[in-house]
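I have placed the structure first, in the form of structure tokens, so that the comments after it can refer back to it.
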Amino acid sequence: MKIHAPTLTFLRTSPALLLFAAAGLAYGAEGDAPAAAANPTVTVDASQIKGSSSPTLFGLMTEEINYSYDGGLYGELIANRAFKDSASEPVKWSTSAENGGTGAISLDKSQPLNDALDTSLKFEVNAAGAGQRAGLSNGGFWGIAVRPSSTYRASFYAKAAPGFNCRLTIALAGNDTPTNFATAEVPALSNEWKKYEVTLATGADVTPSKNNHFTLWAEGAGTIWLQNVSLFPPTYNDRPNGNRPDIMQLLAEYKPAFLRFPGGNYLEGNTLATRFNWKETIGDISQRPGHMDDAWRYRSSDGMGLLEFLEWCEDLKMQPLLAVYAGLALRNGGTIAAGPDLAPYVQDALDEIEYVTGDTSTKWGARRAQDGHPAPFALTYVEIGNEDWRDTYDGRFTQIYDAIKAKYPQLQLIDSSARSAPNGRVTTFAKARKADVYDCHLYTRSEQQSEARSTDYDTYDRAGPKIFEGEWATRVGAPTPNLAGAIGDAAYMTGLERNSDIVIMASYAPLFVNVSPGGMQWPTDLIGYDALNSYGSPAFYAQVMFNNNRGDQILMTSADNVGTRSWQAPAPRGGQAPPPQSVPALFEVATRDSKTGVIYLNLVNPLGTPQDVQVQIKGAASVASDGESVIMKGDSLSDTNSITEPIKIVPVTAKESGFGTSFVRTLAPYSINILKISAAR
Ligand code: AHR
């Protein structure tokens, strides 16, 4: 019998031993030939509440990777709007010509808009007269999405050299057709820098497409300089400088409890200069210099800055989980020593917390109000650094921890140097102070590896710091996980949920990928998109299922007659492969909603064959026959979703009958099942 009783140490038995003890139940390496005589039995004891399930268990982790913001969630449609992506040429920009008009573009440092945006685009129109036009065009991030009945907001800063006296025409046009979807005009330009704004409205008959570009046309000769050329589509909640609605809607479906930002390696960068320097990410976008995201090898506009992260939280009712810079550069530059050298960065972290939480009488709270958000944001968790697996973390953590706790004693501080092991042990580099929460990351290479790790926290010390699984994923499938990844994730999530008295938060990573050629730096990302469309992976929907079907009480479960599969763990780098391991062929967790009495029984069948599972509900006065199920399944582990097949693998909700204190349920091959069972106490 496999007993899932995370808080009852006297019942604790090594899951591996338990599984080997289930003699004669091995399913073999492929797992498709169950040899068990009796059905697996899952028993839910409704009279035994093992603990409270964390209301914040499932959330999001985000950073600028795989074009997550620029070319992703952040609504901006113009690539390289500030002309800083290359120091030598105006990449992503090109010239266009009509009827013999010609123009040339170049980078020009002699006419800066300001200190932040100090390189302008010089546009020399060499010949343009009656009917002749010269234009400069931008194709966006692998295209520009054009949709019907939509209003786009274009804005730019411009300055004309004396003698340039013509109007500009702004156009949204298709690459393969001469048709303009929408146009707008700017009658004349000033000889001083000035901001120009126009709207472009598409007609109702426009077919959604992405193979489009933006052009700014000039009809007279002369020279102009441009900066911060921006184009926004309608955004989620109509926020200025806001987010793409389709991706936000997917996230809203998930109902994430929190957002961990701004990284990940993006928080740190390879050098001190390329860290996420939050003070340079606030205010009007024309004042943000952007920075090289060298951790992921492309430039970030920082249009998604600190306030935008917070507003993203506000829009989806997530709590912010703020990661502050802890003095670690990933490559050149190493770490900043604890002590006086670190002090300015500690102050930066305090200022950042004040920007998030301070009222308008504080310096940084007032700055937030000036930036457009007078109300402070509620903040509970602050993480110190990211994956800071260095001996020097101890000193840096202590200094930052002490400074934050002195000013904000109510904040829960997260140690980013923690690592979990299969035996429930967590190690950390922070020795002098004990964090409130440990952030452990787990990326696995196969579904079996995730399945094997699903018991990690069953034996974790309940008196220890709480656990935040701040990055985790079954890395199977690219660019987004396939059904195998989702099955591994679901098995792993049974462990997270079963231990959600102590595992208070978990966030899959990475969250996003632009699936256009060259958009991905890290394979296996939860949500994919191109310029026009987006989709959730099967792993995304597995999380939607778990998060939206979960009670507040964790119930004790046990499983008997569960078969096993033999799995060979990969060899550690430079080391020898460990002996083959047994992993179970069925995963379960049960929670109950204390208000409605509904029991959520999650069952994961990782096998390519059906499994008849005997379900027993103990400790309930009665169990209703009618209930509901939410099931996601597929024919093959490689089944997946994509831009062209966005909902091939999704959960299906159905009415059920035949539930009771004892019933048999056939789990489809490769399936994730949630049974909603009404039980009276
Ligand atoms: O999620 C991708 C990367 O994995 C994160 O940036 C980093 O924290 C981890 O190593």
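Ligands are numbered from 1 in the order shown, chains are lettered A, B, ... in the order of the structure tokens, and residues start at 1 in each chain.
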For this session: Just list the residues in stretch 41-237 of chain A DSSP gives strand (DSSP E) on the backbone, as number ranges by chain.
Result: A: 41-52, 58-61, 93-98, 102-108, 120-127, 133-138, 151-160, 168-174, 180-186, 194-201, 212-218, 222-232
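Taking only C-alpha atoms and all ligand atoms into account, every polymer residue with at least one atom at most 7 Å away from ligand 1 is listed here: Gly263, Gly264, Asn265, Tyr266, Asn386, Glu387, Glu471, Ala509, Pro510 and Trp522 of chain A.
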Problem set entry | For atom CA of A:Tyr508 and atom CA of A:Arg445, the interatomic separation in Å (one decimal) |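 Computing it gives 14.2 Å between the two atoms.
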Problem set entry | Spatial neighbours of A:Leu532, 9 Å, only C-alpha atoms, chain gap at least 5 places, as a list in words |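 Within the cut-off, the hits are Gly143, Ile144, Ala145, Val146, Arg147, Pro208, Ser209 and Lys210 of chain A.
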Write to file, as a PDB file, in the first residue's frame, the residues of the selection just made, with N, CA and C atoms.
ATOM      1  N   GLY A 143       6.279  39.982 -37.928  1.00  0.00           N
ATOM      2  CA  GLY A 143       4.983  40.387 -38.455  1.00  0.00           C
ATOM      3  C   GLY A 143       4.277  41.353 -37.519  1.00  0.00           C
ATOM      4  N   ILE A 144       3.237  41.943 -38.053  1.00  0.00           N
ATOM      5  CA  ILE A 144       2.390  42.840 -37.249  1.00  0.00           C
ATOM      6  C   ILE A 144       0.955  42.357 -37.412  1.00  0.00           C
ATOM      7  N   ALA A 145       0.322  42.062 -36.288  1.00  0.00           N
ATOM      8  CA  ALA A 145      -1.048  41.545 -36.347  1.00  0.00           C
ATOM      9  C   ALA A 145      -2.008  42.662 -36.723  1.00  0.00           C
ATOM     10  N   VAL A 146      -2.804  42.415 -37.741  1.00  0.00           N
ATOM     11  CA  VAL A 146      -3.872  43.348 -38.109  1.00  0.00           C
ATOM     12  C   VAL A 146      -5.194  42.601 -37.967  1.00  0.00           C
ATOM     13  N   ARG A 147      -6.120  43.239 -37.257  1.00  0.00           N
ATOM     14  CA  ARG A 147      -7.436  42.618 -37.027  1.00  0.00           C
ATOM     15  C   ARG A 147      -8.529  43.590 -37.458  1.00  0.00           C
ATOM     16  N   PRO A 208      -8.077  38.872 -40.248  1.00  0.00           N
ATOM     17  CA  PRO A 208      -6.912  38.890 -39.360  1.00  0.00           C
ATOM     18  C   PRO A 208      -5.678  38.305 -40.060  1.00  0.00           C
ATOM     19  N   SER A 209      -4.561  38.983 -39.924  1.00  0.00           N
ATOM     20  CA  SER A 209      -3.330  38.506 -40.567  1.00  0.00           C
ATOM     21  C   SER A 209      -2.129  39.073 -39.824  1.00  0.00           C
ATOM     22  N   LYS A 210      -0.952  38.475 -40.106  1.00  0.00           N
ATOM     23  CA  LYS A 210       0.260  38.982 -39.438  1.00  0.00           C
ATOM     24  C   LYS A 210       1.358  39.390 -40.408  1.00  0.00           C
TER      25      LYS A 210
END
For this session: May I have the residues within 9 Å of A:Phe659 as a PyMOL selection string, using only C-alpha atoms and disregarding those fewer than 2 positions away in the same chain?
Result: chain A and resi 615+623-627+656-657+661-665+677-678
Export C-alpha atoms of the chosen residues as a PDB file, in the first residue's frame?
ATOM      1  CA  VAL A 615     -12.089   4.264  -5.861  1.00  0.00           C
ATOM      2  CA  VAL A 623     -21.538  10.076  -1.479  1.00  0.00           C
ATOM      3  CA  ALA A 624     -23.748  11.326  -4.305  1.00  0.00           C
ATOM      4  CA  SER A 625     -23.977   9.209  -7.410  1.00  0.00           C
ATOM      5  CA  ASP A 626     -23.982  12.231  -9.698  1.00  0.00           C
ATOM      6  CA  GLY A 627     -20.879  14.303 -10.091  1.00  0.00           C
ATOM      7  CA  GLU A 656     -20.916  11.783 -14.341  1.00  0.00           C
ATOM      8  CA  SER A 657     -23.033   9.232 -12.522  1.00  0.00           C
ATOM      9  CA  THR A 661     -18.440   5.099  -1.491  1.00  0.00           C
ATOM     10  CA  SER A 662     -16.937   2.446  -3.754  1.00  0.00           C
ATOM     11  CA  PHE A 663     -16.870   2.538  -7.535  1.00  0.00           C
ATOM     12  CA  VAL A 664     -14.672   1.587 -10.454  1.00  0.00           C
ATOM     13  CA  ARG A 665     -13.399   4.207 -12.800  1.00  0.00           C
ATOM     14  CA  ILE A 677     -17.482  13.982  -5.995  1.00  0.00           C
ATOM     15  CA  SER A 678     -20.178  15.375  -3.680  1.00  0.00           C
TER      16      SER A 678
END
Problem set entry | All residues 10 Å or closer to A:Tyr457, only C-alpha atoms, same chain fewer than 6 positions away omitted, as number ranges by chain | A: 6-7, 420-426, 467, 495-496, 498-500, 502-503
Need to verify the contact set: A:Ala369, 9 Å, only C-alpha atoms, exclusion of same-chain residues closer than 5 positions in sequence. Can you return it as a JSON list (two decimals) with C-alpha atoms, in the first residue's frame?
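Saved as around.json:
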[["chain", "number", "residue", "atom", "x", "y", "z"],
["A", 359, "ASP", "CA", 1.88, 55.55, 0.09],
["A", 360, "THR", "CA", 2.21, 58.84, -1.71],
["A", 364, "TRP", "CA", 9.05, 56.21, -4.18],
["A", 374, "PRO", "CA", -1.39, 56.40, -6.77],
["A", 375, "ALA", "CA", -2.67, 53.31, -4.93],
["A", 376, "PRO", "CA", 0.02, 51.11, -3.40]]
